[in-house]
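**Q** To start, I am sharing the structure in question, which I have written as C-alpha cells.
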Amino acid sequence: MHDKDHHVRVAALNGLLQPFKKVQDAQEGKELAPADEFLMIDKIDLSLLENVIGKFLSRITLSIKDPKPEVQEIAMKVLLMLLKNGFLDDCEDDEIWDTINQRALSERASPSVRRDALYFVLDQLEAFDDDNEGSESSERKRAQQLDAIASYAAHAMTNGPVPIDKIKIEVADFIVQSLREMPEHRALVTDWSAMLRAIKDDKSATTAHNVKAGDRADVAKQRILVRMLACAAQEEVGAVADESFLNSDVDPDMADSCEKAKKASMGREHETLSIALLKALPNLLLKFKGDTDVISELACLPRFLVPTVFSLPQRKQDFMSLIKNLGEIYLSSSNDDTLDKTARSLSSLCKGNHARVTESKAQLRKVVVELRDRIVELMSPDDSTIATSAMSVVNSESEFASKSSKRRSGRKKSPKAGASPATEKTSLTDDDTRGSSDADTEYSIFLNVKRLRFLAKRCDLSEFFDDTNNVNQLELLCNFVCDGLKSRLRACKPLDLRMNDDEETAAEKLIDDADVLAAIGKSVNEGLQLILCVTGWFFFKYQEENDLVKNKKDLVDNTEEDDDDDSSVDDHVILRLRNRLLSLLELCFSQYILSADEHGDDDTTVAKHSDEQIAFADYVQVAAGKTTADLRILFPKELSDADSPLLRAVALQEDGRLVGAFVRFITAKEHLFRENEIEAKENKIMSQSLLLPMARAIANNWARGNRREAGVFLRHIASSGSTATSIVSSTVDSMKKEDPVRMLESQMASLRQSYENWVDEEPDMENEFPSEEEMKEFEEAEERHREQFEQLEHRGTQFSKKLGVFGKLSDSRLRPALNGFIREGIRFSFSNLDSNGEDTLVLGSRLSFLSILSKYSSWIKKDKQTKKEIQTFMDQKESELRAHEEFGDVHADDLAALDAFRKDLGLKNLSKALSNLSVARVTVASEIDDEEMDDEASDGVNELQSPVASVSSRTSKASRASSRASSRVSSLPALPEGDKESPQDSDSDEDSHFSAGSSSNKNKKRKSQTQTTYDENSEEEDSGSEDSSIGLGYSQKGKKARRSK
C-alpha cells in the first residue's frame, strides 16, 4: 500500500477486500464464479484479519485521499466492509472518522467514494438508528433524517473561520446525488412532502452527537435543505422528463451537447413533484425573502414544474401568488444569481400552452414597466428634456402605463425659462449637489439597469412595450439610457492635466468621488449589455420573420454576377441602435488616460489623475472591449455579402477605431500579464477580460480578419501566463482551421512588430563618463533586453509548433505559404528601410531577425524545391548586401546570425561568383526594394497622428521612451467625441483628449515582385476598408539602428 506504482496499491487493497466481498456474496446467495467453485468460503474466518486491519487502518484511511481515483475507490470499499463487519466499532480515533466523513462532501472525490463515505455519516446519525424505525410516521421520520443530514453538513461547513456567506452550499448537491445512488435511502430525496416539512420545521442544527452546532450552523442548515430540494427536483425532472424540458430556456449553443435517451412522457412522478412545489413555493419565497442564498435556490424551482398543473383550477391561487412573489423578489434583489434564476423562471412561465400564460405575461409586464419608470425617474434630473420626451410618448390611458408612471410624470418639472437642460448644472458636476446622495442615485440606476438587462437576456422585451403613436417604446428607452450614460461619461472624461494656468479649474471639474465613479462605471457596463441584448433581439426577430440565415437564403454565391438587389437601408431600428451603441463605445474608449511617456513630458510636468479615476477609466474600457467583441460577432463582416439590404447595412465593416482603441488599451496593460512568473488570480482575470473578447472577435471574423490586430493578439502566446497562452493557443487553432495562410501571415506581423519594438528599446548609455551605479543600471538593462529577445525566439518556436505535429503540416495550404513566409522574413531582415520607407537604418541591422525566422527551419528542410528557391533568394539578398558600399559597417553579430540561419536551414554558403555582383545590379535591386511593401500594409491601415504630440526634444532616456510610446500609438485610429448616432460620419472632437489625423498614402510602400501573397496561387489580398482596423507600424528610433549622418 506504500508502493509508488498505483497498480501495486490497488492490488494490495483489493487483496484485503476480496475475503469480505466473498463472504458477503455468499450471505446474499449470489452464485459463485466457475473459477471460485472450489473455494471454501464457509471456512473463511474474517476475525483473523483483526491484527492486519489494526496495523494498516491508518494507511487504508489515507488511501482514500490518494491522487489516483481508482485507489480511492478500492480503499473506501475496504473501509465500508470494515464498518459493516464491526471492525471499526472500537475505533475511537477521531482523525480517522473525520477523514472518512469529509470525503462525503469533497469535490475531489469520485461519486462512488462520496456515496460510500456518506454511509459512514449516516451510520453515526441517531435519526438512522434501526431502533426508532416504525415508532413514527414515515413522512415525519424522513423529515427528521433529512434534518439530521443537513445539520451534519452545516456543522462540517461552518466548523472554521469561513464567513457564512463564503461557505460552499453547492456541495449539498453531492449529498442528494449520493442518496439517489443508495437503494435503501433513495426515497429521502423523492419524498417532497418530507423535504418541505424539514424546511418548514426550522429546527436548530446539531452535530452527529446531537449537540447544538450554533447560530451560523442554523443558517447554513436552512440553506442546505433548500439547496437539497432544488437539486433533488432537478435530478428527478432530469430522470423522468425529456432533456429539452430542462433546457427550454437555454441558448442551444450553451446547452449540454451530450445526447441522452429521450423520455416518452413526463410521468406521474413529475406531476406529483410539481403539485407539491407549487403549493409550497409561494410561502417559502415569503419566508426566506431576506436570505439571498436561499431565495436564489427557491427562485429556480418554477422552471422544473410541469406546465399542465398550472391549468388546474384548484392551483390557480397558488400560481398567482407564485408569480407575484417572484416579481417582488426580482424588483428588490441585487444579487446576480438571484436575478438570473428569477428572470429565467419568470420568462419560462410565460411560455407554453398552459392556461396561465396571460397572467404570467401581465406580471412580467408590470416588472418591466416598473423598471422602466425607475430608470427614467432616476436619470431624469440629469436631462429633463430627454426624460420628458421619454415619458410623454406613453399614453396615460394606455394599458402599458402603470400608476407609478402617471404619478411620476405629473411631478416632472420643466426646465428654467431661457435655459437649456443640457447646459444646466447636473448632480454629477455641481458642488452643491455632491455627496452620498449622488452615489446612492447612481447606484440605484446601476441596479435597475442591471435588472432590466437580466430580463433582456432571457426574453424579448419588445413584447412588453406598446408602440404608441408609431413610436418604438423600447428603442426610445434604449436611447434614453444611452444619452444618460453619455452625459455621465463626459462628466468623468479624463482631461489633459499638464501644467497650465487653468489646471486647477480643470482638475476641479473631474469627478473624483470613488463611490460615484464606481456606480457610474457599473451603470455603463450594464447599459452597454442592455442595448446590445435589445439590438440582438430585434436582429433575431428580423431574421426569423424574413426566413434569413437559418436556411442560408441570404448568402450570395461569389461566382454569380453582382446584379442582384443593390438597394440599401439607411434607417431601421436595428441600424439606429447599432449606431448608438457604437457612439457610446467610442466614448467609453475615450476615457483612456495617457501616461507620462505618451504625453511626451517628464513626470514632473504632468498632474496625476487619482487612482479612482484611473480605475474607472480601466473599468469602462474593459466593459467596452467585451461589448465591442460581441457587436463584431453579432454583425460580422460577412454580412456585407448578404442578399438582404438590411443585413448588408448592419455589417460592421468600419470597426477600425474601436479595434484600435481596444488594442491601445491592451498594449498599455499587457505588462501586467508578465509581472509574475507564477500567474496570480488577478492576472487570470486580466487575461480573460482583455484577451478573451479579442480572441472571440478575431476567431469569428477571421475570414476577413486583420493580420495586424491578430499580430498584437498572438504575441501573448508565450510569456504572458498560462491563461493567456491557453486563450491564444485555442484561438490559433480556430484561425488555422478557418484560413491557415492568413494565420501564418499574422504570425509574421506579430514577430515583426515585436522585433521592431525590441530594436527601439535597445538600452543606451547617455553619459560619456558613467558612474558605477549608471554602469550597473546599463548592464541590467542590457540583460533585460537580451531576455526579451529570448522570449521573442521562444514565441517563434511556439508559432512554428502550431503549424503541425510530428513533422507534418496540419493543412496542405501551408506548404506553399511557408515559402512566401520565409522569403518575406528574409526580405525584411536584409531591408534597411524604416517604417516610412526611408533609407535610415544601418545596413544589416535587422539580420538578427533571422534567428527568429530559423525556428521555422524544420518545415523548410524537408521540401527540396522550397529549399532550392529559398537558397536562390537568400544568395541574391546576401550578394546585394556584400556588394553594398557600406558592407564594412555591418556588425559581426549580425553576420553571425546570417551564417547561423544558413546552417539551420541547411543552405550552402554564398559562392564567390555570386558575391561579385556588379554595382549596377545592386542599384536595380535597391530600386525594387523601394517599391516593396510589407504584406500587412495590404490590410488598409490608416496612418493617424499621435493622440498627443510629443513636446520634448531632449535626448534623455525619458524623452526616447516617450518617443517610442508615441510611435506605438501614432498609427492607432483616434476616436472622435462620439455623441452622434453614426460614428463613421462623426467629426466632432469637442470633448476628445486626442485628435484624429488624416490618412497619408505618400509614405506607404507598394508590394514588390518578390513579395507576392504568401499563398502564391491565391488572389491578391483585399485592401481598403476590408481590414481597416489598426495601424501598428513602428518606426525604429534606437541610436544603434540609425545611420550616422
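Going through the C-alpha cells in order, the chains are called A, B, and so on, while each chain numbers its residues from 1 and the ligands are numbered from 1 in the order shown.
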I'd like the contact shell of stretch 68-70 of chain A - 12 Å cut-off, only C-alpha atoms, skipping same-chain residues fewer than 3 positions apart - returned as JSON, numbers by chain.

**A** {"A": [4, 5, 6, 7, 8, 9, 10, 11, 13, 14, 63, 64, 65, 73, 74, 75, 76, 77, 108, 109, 110, 111, 112, 113, 114]}

**Q** Taking 2 positions as the minimum chain separation for residues in the same chain, which residues sit within 10 Å of A:Arg140 when counting only C-alpha atoms? Answer as JSON, numbers by chain.

**A** {"A": [136, 137, 138, 142, 143, 144, 145, 146, 193, 194, 195, 197, 198]}

**Q** Grab the atom CA of A:Gln753 to atom CA of A:Phe828 distance for me, in Å with one decimal place.

**A**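 Taking atom CA of A:Gln753 as the start and atom CA of A:Phe828 as the end point, the length is 11.6 Å.
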
**Q** Taking the chain letters and numbering used in this document, name the residues of stretch 44-107 of chain A that DSSP puts in alpha helix (DSSP H), as a ChimeraX atom specification.

**A** /A:50-63,69-84,94-102

**Q** Quick one: of A:Lys626, A:Arg576, A:Lys637, A:Lys486, who's nearest to A:Phe539, counting only C-alpha atoms?

**A** A:Arg576

**Q** Using atom CA of A:Ile633 and atom CA of A:Gly660 as the two end points, give the distance in Å to one decimal.

**A**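 About the pair atom CA of A:Ile633 and atom CA of A:Gly660: they are 16.8 Å apart.
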
**Q** Point out the residue among A:Ser726, A:Leu82, A:Ala456, A:Lys864 with the least atom-to-atom distance to A:Val52, counting only C-alpha atoms.

**A**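 The shortest atom-to-atom distance to A:Val52 comes from A:Leu82.
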
**Q** Got a sec: who's within 10 Å of stretch 96-99 of chain A, counting only C-alpha atoms, leaving out chain neighbours fewer than 4 positions off, as a list in words?

**A** Leu57, Ser58, Ile60, Thr61, Leu62, Ile64, Lys65, Leu88, Cys91, Glu92, Arg103, Ala104, Ala117, Phe120, Val121, Gln124 and Ala156 of chain A
